[in-house]
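Q: Input data_8.txt, format and content: compact mmCIF, C-alpha atoms.
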```txt
# COMPACT_ATOMS: atom_id res chain seq x y z
CA MET F 1 24.06 -40.88 27.36
CA ARG F 2 23.13 -41.37 23.72
CA ILE F 3 24.99 -39.11 21.31
CA GLU F 4 24.87 -38.55 17.56
CA ILE F 5 28.39 -38.49 16.18
CA LYS F 6 29.66 -37.58 12.70
CA TYR F 7 32.99 -38.69 11.24
CA PHE F 8 34.94 -36.88 8.53
CA GLY F 9 37.68 -37.80 6.07
CA MET F 10 39.95 -40.72 6.89
CA LEU F 11 38.19 -41.20 10.24
CA ALA F 12 34.99 -42.20 8.43
CA GLU F 13 37.09 -44.80 6.59
CA ILE F 14 38.14 -46.30 9.92
CA THR F 15 34.63 -46.34 11.37
CA GLY F 16 33.05 -47.48 8.10
CA CYS F 17 30.27 -44.92 8.51
CA THR F 18 29.86 -41.16 8.33
CA SER F 19 27.63 -41.01 11.38
CA GLU F 20 26.31 -43.22 14.15
CA GLN F 21 24.64 -43.11 17.55
CA LEU F 22 26.71 -44.15 20.53
CA VAL F 23 25.85 -44.72 24.15
CA ILE F 24 28.65 -43.11 26.16
CA SER F 25 29.21 -42.72 29.88
CA SER F 26 31.74 -39.93 29.33
CA THR F 27 31.29 -36.61 31.04
CA GLU F 28 33.82 -34.56 29.13
CA ILE F 29 35.36 -34.43 25.66
CA ARG F 30 38.60 -36.02 26.85
CA SER F 31 36.86 -39.20 27.95
CA LEU F 32 34.80 -39.24 24.76
CA LYS F 33 38.10 -39.33 22.86
CA THR F 34 39.26 -42.28 24.97
CA ALA F 35 35.96 -44.06 24.36
CA LEU F 36 36.38 -43.54 20.60
CA ILE F 37 39.92 -44.92 20.68
CA ASN F 38 38.69 -47.96 22.60
CA LYS F 39 35.98 -48.57 20.02
CA TYR F 40 38.25 -47.80 17.05
CA PRO F 41 41.87 -48.63 17.99
CA ASP F 42 43.18 -47.08 14.74
CA PHE F 43 42.09 -43.66 16.04
CA VAL F 44 45.07 -43.73 18.38
CA ASN F 45 47.41 -42.73 15.56
CA LYS F 46 45.13 -40.06 14.16
CA ASP F 47 45.00 -36.38 14.90
CA PHE F 48 41.49 -35.08 15.27
CA ARG F 49 39.48 -32.36 16.96
CA ILE F 50 35.99 -32.62 18.36
CA ALA F 51 33.18 -30.19 17.65
CA GLN F 52 30.09 -30.10 19.83
CA ASN F 53 26.99 -28.35 18.49
CA GLN F 54 29.04 -26.97 15.56
CA GLU F 55 31.69 -25.51 17.84
CA LEU F 56 35.26 -26.74 18.21
CA VAL F 57 35.76 -27.66 21.87
CA ALA F 58 38.65 -28.38 24.24
CA ASP F 59 39.34 -31.71 25.95
CA THR F 60 38.01 -30.34 29.22
CA THR F 61 34.67 -29.19 27.83
CA VAL F 62 31.64 -30.88 29.39
CA LEU F 63 29.95 -33.33 27.05
CA THR F 64 26.35 -32.31 26.61
CA GLY F 65 25.41 -35.20 24.38
CA GLN F 66 24.20 -33.17 21.48
CA GLU F 67 25.65 -33.19 17.98
CA ILE F 68 29.30 -34.26 17.92
CA ALA F 69 31.65 -34.07 14.92
CA VAL F 70 35.11 -35.66 14.74
CA LEU F 71 37.37 -33.69 12.42
CA PRO F 72 40.78 -34.69 11.05
CA PRO F 73 43.13 -32.25 9.29
CA PHE F 74 43.34 -32.56 5.50
CA ALA F 75 46.45 -31.71 3.52
CA GLY F 76 45.40 -32.32 -0.07
CA GLY F 77 45.24 -29.61 -2.67
CA MET L 1 36.54 -1.21 -18.34
CA SER L 2 34.07 -3.39 -20.25
CA ARG L 3 36.13 -6.36 -19.06
CA TYR L 4 34.79 -5.77 -15.54
CA SER L 5 31.37 -4.32 -16.42
CA ARG L 6 29.47 -7.19 -14.76
CA HIS L 7 31.28 -6.50 -11.51
CA ILE L 8 30.89 -2.74 -11.78
CA SER L 9 27.16 -3.02 -12.32
CA LEU L 10 26.81 -4.72 -8.92
CA LYS L 11 26.09 -2.01 -6.40
CA GLU L 12 28.14 -3.92 -3.79
CA ILE L 13 31.23 -3.60 -6.04
CA GLY L 14 30.89 -0.67 -8.46
CA ILE L 15 33.87 1.25 -9.82
CA THR L 16 35.27 1.77 -6.33
CA GLY L 17 35.23 -1.95 -5.61
CA GLN L 18 36.70 -2.84 -8.98
CA ASN L 19 39.50 -0.36 -8.36
CA LYS L 20 40.19 -2.11 -5.05
CA ILE L 21 40.42 -5.45 -6.87
CA ASN L 22 42.77 -3.97 -9.48
CA ALA L 23 44.99 -2.52 -6.76
CA SER L 24 45.19 -5.71 -4.70
CA LYS L 25 48.11 -8.12 -4.44
CA VAL L 26 47.40 -11.80 -3.83
CA LEU L 27 49.86 -14.66 -3.42
CA VAL L 28 48.64 -18.13 -4.40
CA ILE L 29 50.87 -20.88 -3.05
CA GLY L 30 50.40 -24.08 -5.03
CA ALA L 31 49.22 -24.14 -8.64
CA GLY L 32 47.56 -27.54 -8.46
CA GLY L 33 43.98 -28.69 -8.03
CA LEU L 34 43.01 -25.80 -5.76
CA GLY L 35 45.39 -23.25 -7.24
CA CYS L 36 44.15 -23.53 -10.85
CA PRO L 37 40.54 -22.38 -10.27
CA ILE L 38 41.66 -19.82 -7.66
CA LEU L 39 44.06 -18.28 -10.16
CA GLN L 40 41.57 -18.32 -13.02
CA TYR L 41 38.91 -16.45 -11.08
CA LEU L 42 41.28 -13.98 -9.46
CA VAL L 43 42.91 -13.17 -12.78
CA GLY L 44 39.51 -12.90 -14.44
CA ALA L 45 38.38 -10.56 -11.66
CA GLY L 46 41.38 -8.33 -12.29
CA VAL L 47 43.45 -8.76 -9.12
CA GLY L 48 46.28 -6.39 -10.06
CA THR L 49 49.26 -8.38 -8.87
CA ILE L 50 49.26 -12.14 -8.49
CA GLY L 51 52.15 -14.27 -7.24
CA ILE L 52 52.22 -17.97 -8.07
CA VAL L 53 54.49 -20.28 -6.07
CA ASP L 54 55.05 -23.79 -7.38
CA PHE L 55 58.23 -25.77 -7.99
CA ASP L 56 56.46 -28.81 -9.37
CA ILE L 57 56.09 -29.89 -12.98
CA VAL L 58 52.88 -30.90 -14.73
CA ASP L 59 52.25 -34.64 -14.74
CA GLU L 60 49.65 -36.38 -16.89
CA SER L 61 47.78 -37.47 -13.75
CA ASN L 62 47.25 -33.78 -12.86
CA LEU L 63 45.13 -33.04 -15.92
CA GLN L 64 41.97 -34.63 -14.48
CA ARG L 65 41.61 -31.64 -12.12
CA GLN L 66 44.31 -29.01 -12.73
CA ILE L 67 42.39 -27.13 -15.36
CA LEU L 68 44.97 -24.56 -16.41
CA PHE L 69 47.10 -27.30 -17.96
CA GLY L 70 46.86 -29.29 -21.18
CA THR L 71 48.62 -32.28 -22.64
CA SER L 72 51.35 -30.04 -24.06
CA SER L 73 52.09 -28.71 -20.54
CA ILE L 74 53.33 -32.10 -19.31
CA GLY L 75 56.87 -31.82 -17.99
CA LYS L 76 56.78 -28.02 -17.67
CA ASN L 77 56.81 -26.00 -14.45
CA LYS L 78 53.27 -25.41 -13.18
CA ALA L 79 53.78 -21.78 -12.18
CA GLU L 80 55.31 -20.91 -15.57
CA VAL L 81 52.56 -22.62 -17.57
CA ALA L 82 49.90 -21.06 -15.35
CA LYS L 83 51.32 -17.60 -15.98
CA GLU L 84 51.27 -18.13 -19.75
CA VAL L 85 47.62 -19.23 -19.75
CA LEU L 86 46.51 -16.57 -17.27
CA GLN L 87 48.27 -13.74 -19.05
CA HIS L 88 46.24 -14.63 -22.13
CA LEU L 89 43.05 -14.54 -20.03
CA ASN L 90 43.93 -11.09 -18.70
CA PRO L 91 47.00 -9.30 -20.09
CA THR L 92 46.42 -6.24 -17.89
CA ILE L 93 47.62 -7.80 -14.66
CA ASN L 94 51.08 -8.36 -13.26
CA ILE L 95 51.92 -12.02 -12.62
CA GLN L 96 55.01 -12.99 -10.59
CA VAL L 97 56.25 -16.55 -10.85
CA TYR L 98 58.16 -18.23 -8.03
CA ASN L 99 59.44 -21.48 -9.51
CA LYS L 100 60.62 -22.75 -6.14
CA LYS L 101 59.49 -24.55 -3.02
CA LEU L 102 58.46 -22.33 -0.15
CA ASN L 103 60.80 -22.99 2.78
CA PRO L 104 61.52 -21.45 6.19
CA LYS L 105 64.27 -19.30 4.68
CA ASN L 106 62.51 -17.83 1.64
CA SER L 107 58.94 -17.63 2.97
CA ILE L 108 59.10 -14.12 4.42
CA ALA L 109 60.59 -12.54 1.31
CA ILE L 110 58.01 -14.23 -0.92
CA ILE L 111 54.94 -13.52 1.23
CA GLU L 112 55.76 -10.03 2.49
CA PRO L 113 54.88 -7.98 -0.65
CA TYR L 114 51.30 -9.34 -0.83
CA ASP L 115 48.04 -8.28 0.87
CA ILE L 116 46.42 -11.72 1.03
CA VAL L 117 47.89 -15.23 1.06
CA VAL L 118 46.07 -18.24 -0.38
CA ASP L 119 47.07 -21.73 0.76
CA ALA L 120 46.52 -24.11 -2.13
CA THR L 121 49.31 -26.52 -1.22
CA ASP L 122 49.08 -30.27 -0.80
CA ASN L 123 51.15 -30.99 2.29
CA PHE L 124 51.29 -30.29 6.00
CA ALA L 125 54.84 -28.93 6.04
CA SER L 126 53.87 -26.07 3.71
CA ARG L 127 50.56 -25.47 5.48
CA TYR L 128 52.16 -24.92 8.90
CA LEU L 129 54.90 -22.77 7.42
CA ILE L 130 52.42 -20.60 5.49
CA ASN L 131 50.26 -20.20 8.58
CA ASP L 132 53.13 -19.22 10.85
CA ALA L 133 54.60 -16.77 8.33
CA SER L 134 51.15 -15.23 7.76
CA VAL L 135 50.66 -14.77 11.51
CA ILE L 136 54.08 -13.12 11.85
CA LEU L 137 53.49 -10.84 8.88
CA GLY L 138 49.85 -10.13 9.77
CA LYS L 139 48.45 -11.34 6.45
CA PRO L 140 44.98 -12.82 6.05
CA LEU L 141 45.24 -16.44 4.88
CA VAL L 142 42.57 -18.10 2.77
CA TYR L 143 42.80 -21.79 3.49
CA GLY L 144 41.44 -24.72 1.49
CA ALA L 145 42.25 -28.42 1.80
CA ILE L 146 40.80 -31.57 0.30
CA TYR L 147 40.69 -35.30 0.89
CA LYS L 148 39.08 -37.67 -1.65
CA PHE L 149 35.48 -36.33 -1.72
CA GLU L 150 35.67 -33.85 1.16
CA GLY L 151 36.91 -30.32 1.49
CA GLN L 152 37.68 -27.80 4.24
CA LEU L 153 37.64 -24.05 3.81
CA THR L 154 38.27 -21.11 6.14
CA VAL L 155 39.97 -17.72 6.47
CA PHE L 156 42.75 -17.45 9.04
CA ASN L 157 44.50 -14.43 10.60
CA TYR L 158 41.69 -12.11 9.57
CA LYS L 159 40.96 -9.19 11.91
CA ASN L 160 42.25 -11.01 15.00
CA GLY L 161 40.56 -14.25 14.06
CA PRO L 162 41.98 -17.74 14.65
CA SER L 163 44.96 -19.28 12.84
CA TYR L 164 45.51 -22.82 11.59
CA ARG L 165 47.25 -23.73 14.85
CA CYS L 166 44.15 -22.68 16.79
CA VAL L 167 42.38 -25.57 15.05
CA PHE L 168 45.21 -28.09 14.71
CA PRO L 169 48.02 -26.91 17.03
CA ASN L 170 50.64 -29.37 15.80
CA PRO L 171 51.40 -31.24 12.61
CA PRO L 172 50.11 -34.84 12.54
CA LYS L 173 52.07 -37.54 14.29
CA LYS L 174 54.79 -39.01 12.15
CA GLY L 175 53.82 -41.65 9.65
CA THR L 176 50.10 -41.40 10.32
CA MET L 177 48.80 -39.85 7.14
CA PRO L 178 47.94 -41.81 3.99
CA ASN L 179 50.46 -41.55 1.18
CA CYS L 180 49.92 -37.94 0.24
CA SER L 181 50.83 -38.11 -3.41
CA GLU L 182 48.84 -41.20 -4.23
CA VAL L 183 45.49 -40.64 -2.52
CA GLY L 184 42.72 -40.39 -5.08
CA VAL L 185 40.63 -37.25 -5.38
CA LEU L 186 37.43 -36.44 -7.22
CA GLY L 187 38.49 -34.03 -9.97
CA VAL L 188 35.77 -31.43 -9.44
CA LEU L 189 36.30 -31.25 -5.66
CA PRO L 190 39.31 -28.88 -5.77
CA GLY L 191 37.32 -26.95 -8.40
CA ILE L 192 34.55 -26.40 -5.85
CA ILE L 193 36.79 -25.63 -2.87
CA GLY L 194 39.27 -23.54 -4.91
CA THR L 195 36.45 -21.46 -6.36
CA MET L 196 35.17 -20.85 -2.84
CA GLN L 197 38.68 -19.74 -1.82
CA ALA L 198 38.67 -17.21 -4.69
CA ASN L 199 35.30 -15.99 -3.42
CA GLU L 200 36.75 -15.44 0.08
CA VAL L 201 39.67 -13.50 -1.40
CA LEU L 202 37.32 -11.15 -3.26
CA LYS L 203 35.13 -10.61 -0.16
CA ILE L 204 38.22 -9.66 1.84
CA ILE L 205 39.47 -7.26 -0.85
CA LEU L 206 36.04 -5.66 -1.23
CA ASN L 207 35.18 -5.75 2.46
CA ILE L 208 31.71 -7.10 1.65
CA GLY L 209 29.67 -9.98 3.05
CA GLU L 210 31.15 -12.12 5.78
CA PRO L 211 34.57 -13.61 5.15
CA LEU L 212 34.68 -17.13 6.59
CA SER L 213 36.80 -16.18 9.60
CA GLY L 214 36.29 -18.13 12.83
CA LYS L 215 34.38 -20.81 10.95
CA LEU L 216 35.60 -24.01 9.36
CA TYR L 217 33.39 -24.98 6.43
CA CYS L 218 33.38 -28.72 5.68
CA PHE L 219 31.88 -30.01 2.43
CA ASN L 220 31.14 -33.54 1.25
CA ALA L 221 30.79 -33.84 -2.52
CA LEU L 222 29.07 -37.25 -2.30
CA THR L 223 26.23 -36.19 -0.03
CA ASN L 224 26.25 -32.43 -0.68
CA GLN L 225 26.16 -32.07 3.09
CA SER L 226 28.10 -29.25 4.64
CA SER L 227 28.90 -28.31 8.23
CA THR L 228 30.15 -24.99 9.47
CA ILE L 229 32.08 -25.37 12.71
CA SER L 230 32.88 -22.36 14.90
CA ILE L 231 36.58 -22.07 15.70
CA ALA L 232 37.98 -19.72 18.29
CA ARG L 233 41.28 -17.85 18.42
CA ASN L 234 43.67 -19.51 20.87
CA GLU L 235 45.93 -16.79 22.27
CA GLU L 236 48.40 -19.32 23.62
CA GLN L 237 48.98 -20.77 20.15
CA ILE L 238 49.24 -17.33 18.55
CA SER L 239 51.78 -16.19 21.18
CA LYS L 240 53.88 -19.29 20.57
CA ILE L 241 54.03 -18.51 16.85
CA ILE L 242 54.89 -14.88 17.49
CA SER L 243 57.57 -15.73 20.05
CA ARG L 244 59.37 -17.99 17.56
CA GLU L 245 59.55 -15.02 15.16
CA PHE L 246 61.24 -16.04 11.93
CA ASN L 247 62.59 -19.31 13.31
CA PHE L 248 60.03 -21.41 11.53
CA GLU L 249 59.70 -25.06 12.29
CA THR L 250 61.43 -27.14 9.64
CA LEU L 251 59.09 -29.95 8.74
CA ASP L 252 59.73 -32.76 6.32
CA ASP L 253 56.49 -33.78 4.72
CA ALA L 254 57.68 -37.34 4.20
CA PHE L 255 57.34 -37.64 7.99
CA PHE L 256 53.60 -37.60 7.92
CA CYS L 257 53.02 -40.09 5.19
CA ALA L 258 52.74 -43.68 6.27
CA SER L 259 53.73 -45.30 3.02
CA ILE L 260 56.46 -42.98 1.83
CA THR L 261 59.77 -44.23 3.08
CA SER L 262 62.92 -42.62 1.91
CA GLU L 263 64.74 -45.35 0.05
CA ILE L 264 68.10 -45.10 -1.61
CA THR L 265 70.20 -47.26 -3.89
CA ILE L 266 73.91 -47.73 -3.30
CA GLU L 267 74.84 -45.96 -6.57
CA ASN L 268 73.51 -42.69 -5.16
CA THR L 269 75.79 -42.77 -2.15
CA ILE L 270 79.26 -43.03 -3.66
CA ASN L 271 81.75 -40.35 -2.56
CA GLU L 272 79.47 -38.93 0.08
CA ASP L 273 80.21 -38.47 3.76
CA ILE L 274 77.79 -40.95 5.22
CA GLN L 275 76.98 -42.52 8.55
CA TYR L 276 75.81 -46.12 8.16
CA ILE L 277 73.59 -47.96 10.62
CA ASP L 278 73.31 -51.75 10.46
CA VAL L 279 70.03 -52.63 12.19
CA ARG L 280 70.45 -56.41 11.90
CA GLU L 281 71.01 -58.63 14.92
CA LEU L 282 74.71 -58.87 15.74
CA ASN L 283 74.92 -62.52 14.69
CA GLU L 284 73.58 -61.96 11.19
CA GLN L 285 76.16 -62.45 8.40
CA PRO L 286 77.97 -61.07 6.53
CA ARG L 287 79.18 -58.24 8.77
CA MET L 288 80.16 -55.07 6.96
CA ASP L 289 83.46 -53.20 6.92
CA LEU L 290 82.52 -49.54 6.41
CA GLU L 291 83.85 -46.27 7.71
CA CYS L 292 81.51 -44.64 10.21
CA LEU L 293 79.36 -47.69 10.87
CA LEU L 294 77.04 -48.18 13.84
CA GLU L 295 75.68 -51.64 14.57
CA ILE L 296 72.38 -51.24 16.42
CA PRO L 297 69.74 -53.99 16.15
CA LEU L 298 66.29 -52.58 15.31
CA GLY L 299 64.90 -53.42 18.75
CA ASP L 300 67.55 -51.27 20.49
CA LEU L 301 67.40 -48.34 18.10
CA SER L 302 65.14 -46.04 20.17
CA ASN L 303 67.44 -46.45 23.20
CA GLN L 304 70.65 -45.79 21.26
CA ILE L 305 69.63 -42.56 19.49
CA LYS L 306 72.25 -40.61 21.44
CA PHE L 307 75.04 -42.34 19.49
CA ILE L 308 73.65 -41.25 16.14
CA LEU L 309 74.92 -38.06 14.47
CA LYS L 310 71.77 -36.16 13.61
CA ASP L 311 73.30 -33.75 11.12
CA LYS L 312 74.97 -36.37 8.98
CA LYS L 313 73.43 -38.12 5.99
CA THR L 314 72.48 -41.54 7.32
CA ILE L 315 71.93 -44.79 5.47
CA VAL L 316 70.25 -47.60 7.33
CA PHE L 317 70.50 -51.18 6.14
CA CYS L 318 69.45 -54.67 7.14
CA GLN L 319 69.48 -58.04 5.37
CA THR L 320 66.82 -57.28 2.73
CA GLY L 321 65.67 -53.66 3.11
CA ILE L 322 62.51 -54.21 5.17
CA ARG L 323 63.63 -53.69 8.76
CA SER L 324 65.65 -50.69 7.62
CA LYS L 325 62.42 -48.99 6.47
CA GLN L 326 61.00 -49.36 9.97
CA ALA L 327 64.24 -48.03 11.34
CA VAL L 328 64.00 -44.92 9.14
CA SER L 329 60.53 -44.20 10.54
CA ILE L 330 61.88 -44.52 14.08
CA LEU L 331 64.87 -42.30 13.34
CA LYS L 332 62.68 -39.61 11.77
CA GLU L 333 60.54 -39.63 14.90
CA HIS L 334 63.75 -38.80 16.78
CA ASN L 335 64.58 -35.95 14.41
CA VAL L 336 67.25 -37.79 12.47
CA SER L 337 65.76 -36.41 9.28
CA ASN L 338 68.42 -36.93 6.62
CA CYS L 339 68.17 -40.73 6.65
CA TYR L 340 67.42 -43.35 4.06
CA SER L 341 66.72 -47.03 3.90
CA LEU L 342 69.08 -48.97 1.64
CA LYS L 343 67.21 -50.92 -1.00
CA GLU L 344 67.95 -54.67 -1.06
CA GLY L 345 69.96 -54.59 2.16
CA VAL L 346 73.56 -55.77 2.60
CA SER L 347 73.71 -57.51 -0.77
CA ALA L 348 73.68 -54.05 -2.38
CA PHE L 349 77.20 -53.29 -1.10
CA GLY L 350 79.20 -55.91 -2.92
CA LYS L 351 81.67 -58.36 -1.41
CA GLN L 352 84.57 -55.90 -1.16
CA TYR L 353 82.78 -54.33 1.80
CA TYR L 354 82.26 -57.61 3.66
CA LYS L 355 84.33 -57.95 6.79
CA THR L 356 86.82 -60.81 6.52
CA ILE L 357 87.36 -62.87 9.61
```
How would this structure read if it were set down as structure tokens?

A:
Amino acid sequence: MRIEIKYFGMLAEITGCTSEQLVISSTEIRSLKTALINKYPDFVNKDFRIAQNQELVADTTVLTGQEIAVLPPFAGG
Amino acid sequence: MSRYSRHISLKEIGITGQNKINASKVLVIGAGGLGCPILQYLVGAGVGTIGIVDFDIVDESNLQRQILFGTSSIGKNKAEVAKEVLQHLNPTINIQVYNKKLNPKNSIAIIEPYDIVVDATDNFASRYLINDASVILGKPLVYGAIYKFEGQLTVFNYKNGPSYRCVFPNPPKKGTMPNCSEVGVLGVLPGIIGTMQANEVLKIILNIGEPLSGKLYCFNALTNQSSTISIARNEEQISKIISREFNFETLDDAFFCASITSEITIENTINEDIQYIDVRELNEQPRMDLECLLEIPLGDLSNQIKFILKDKKTIVFCQTGIRSKQAVSILKEHNVSNCYSLKEGVSAFGKQYYKTI
């Protein structure tokens, strides 16, 4: 499945891009996370949440392949 | 009331709304990049009582974005300087200064008297503490956070909405965040996000529009793109916070920052009750003759944690001060929090501490 994926904050620094299209065989968010860590090993040490179609989703949510965003926490102020 | 005439002439605010603003009490935690514009607009708007919490002093590098301060403020406490400037902007309001760091012990007493809490801090330890205390006390929390060119904004704990832990349940893994105090930031970014936080505060006070509850607004200053992500309340997370009551998690922000290692020089350790850990291999010379010394090579450290006294101030050393930094990261992961890496390693001790054979 081809998905459009957006990266925020320090995650975009790891990927070197703010968005890209990926072909993924994952069926749920959990396996998408694993696929991302395989592609970008530095993700393993990062905390992030996934949003699908502008909604924060759980690891067990079914991946529908629409717009995905990968969000890290920020602390700066 | 000519000071507020441009608010009063808005039918959505009027005299009734302005009176609500004047009667409100808002606590702004952090008087830095976010806090400065938040405070300026809230004071301008006439928020009747404003608390400012900040223990930090003004540094020259703050002036690029912390717009309440000038060159003559350098070296002074941020909350005190902010009060002076703000009181000139609006002498009619009551400003309380808390020249201290918010901690698990003082947080309830500081937050409790206020109607709305604004998180304008710069570290995860404070952010989790403020969230948990706001949940316990039932206070709406206006949250803003920034990183380089990007910002996040939302309202937590508002009318049964989500809290920070519903988005990010736990603080980041140890040592995974960039060095918090040295990351660059575009000066106007906290101006934008902080101003939006002030806007959320006023909407909550006035009960107009749609406060940004249940939505995380993400802004990129380079592309002007923004995303609004729906976030749901997670009852399990909220119950966990409530069940801990006032026993807030004690977090050390140095944990999260990859490049901050707590280092110490030998001069700062004299006459203290200290536990030393030598993380060199057992055949490395010279061996040290110190009271309360553990000799645990770096590779074995994780397996030997049970021998380490967690409550005692701990100084870790090696030959040159490099392995000991790694050791400190490992120890902090195992909740040995009061530990430091000795700069320059064994040579720092002086020969009188070398073991004679």

Q: Taking only C-alpha atoms into account and nothing else, which residues of chain L lie no more than 9 Å away from chain F? Please answer as number ranges by chain.

A: L: 30, 32-35, 119-124, 127, 144-152, 167-168, 171-178, 180-181, 183, 185, 190, 194, 215, 218, 220, 227-232

Q: Extract, using all atoms listed in the file, all DNA, RNA and protein residues at most 12 Å from F:Lys39, discarding same-chain residues fewer than 4 positions from it, and format them as a list in words.

A: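 The filter keeps Ile14, Thr15, Leu22, Val23, Ile24, Leu32, Lys33, Thr34, Ala35, Phe43 and Val44 of chain F.
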
Q: Can you tell me, as number ranges by chain, what residues are no more than 12 Å from L:Cys36 when counting all atoms listed in the file, ignoring any on the same chain fewer than 6 positions away?

A: F: 77; L: 28-30, 42-43, 52-54, 62-69, 78-79, 81-83, 85-86, 118, 120-121, 187-188, 190-195, 197-198

Q: Kindly indicate which residue among L:Glu84, L:Asp132, L:Asp300, L:Asp115 lies nearest to L:Ile205, using all atoms listed in the file for the distances.

A: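 Under the stated criterion, the closest residue is L:Asp115.
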
Q: Which residues are close to F:Tyr7, i.e. within 6 Å by all atoms listed in the file, leaving aside same-chain residues fewer than 6 positions away? Reply as a ChimeraX atom specification.

A: /F:18-19,70

Q: What does the structure give for the distance between atom CA of L:Ser239 and atom CA of L:Ser24, in Å to one decimal?

A: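 These two atoms are separated by 28.7 Å.
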
Q: Counting only C-alpha atoms, find the residues whose atoms lie at most 10 Å from (50.1, -14.6, -0.9) (file coordinates) and write them out as a list in words.

A: Lys25, Val26, Leu27, Val28, Ile29, Ile50, Gly51, Ile52, Val53, Ile110, Ile111, Glu112, Pro113, Tyr114, Asp115, Ile116, Val117, Val118, Asp119, Ile130, Ser134, Lys139, Pro140, Leu141 and Val142 of chain L

Q: Report, in Å to a single decimal, how far apart atom CA of F:Arg30 and atom CA of L:Glu235 are.

A: 21.1 Å

Q: Measuring atom to atom with only C-alpha atoms, identify which of L:Gly48, L:Leu129, L:Lys312, L:Asp278 is nearest to L:Ala23.

A: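 With only C-alpha atoms as the atom set, the closest residue is L:Gly48.
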
Q: Counting only C-alpha atoms, what is within 10 Å of L:Ile305, bar same-chain residues fewer than 2 positions away, as a VMD selection string?

A: chain L and resid 296 300 to 303 307 to 310 330 to 331 334 to 336

Q: Need to verify the contact set: L:Glu200, 8 Å, only C-alpha atoms, exclusion of same-chain residues closer than 5 positions in sequence. Can you return it as a list of chain:residue names?

A: L:Val142, L:Val155, L:Pro211, L:Leu212
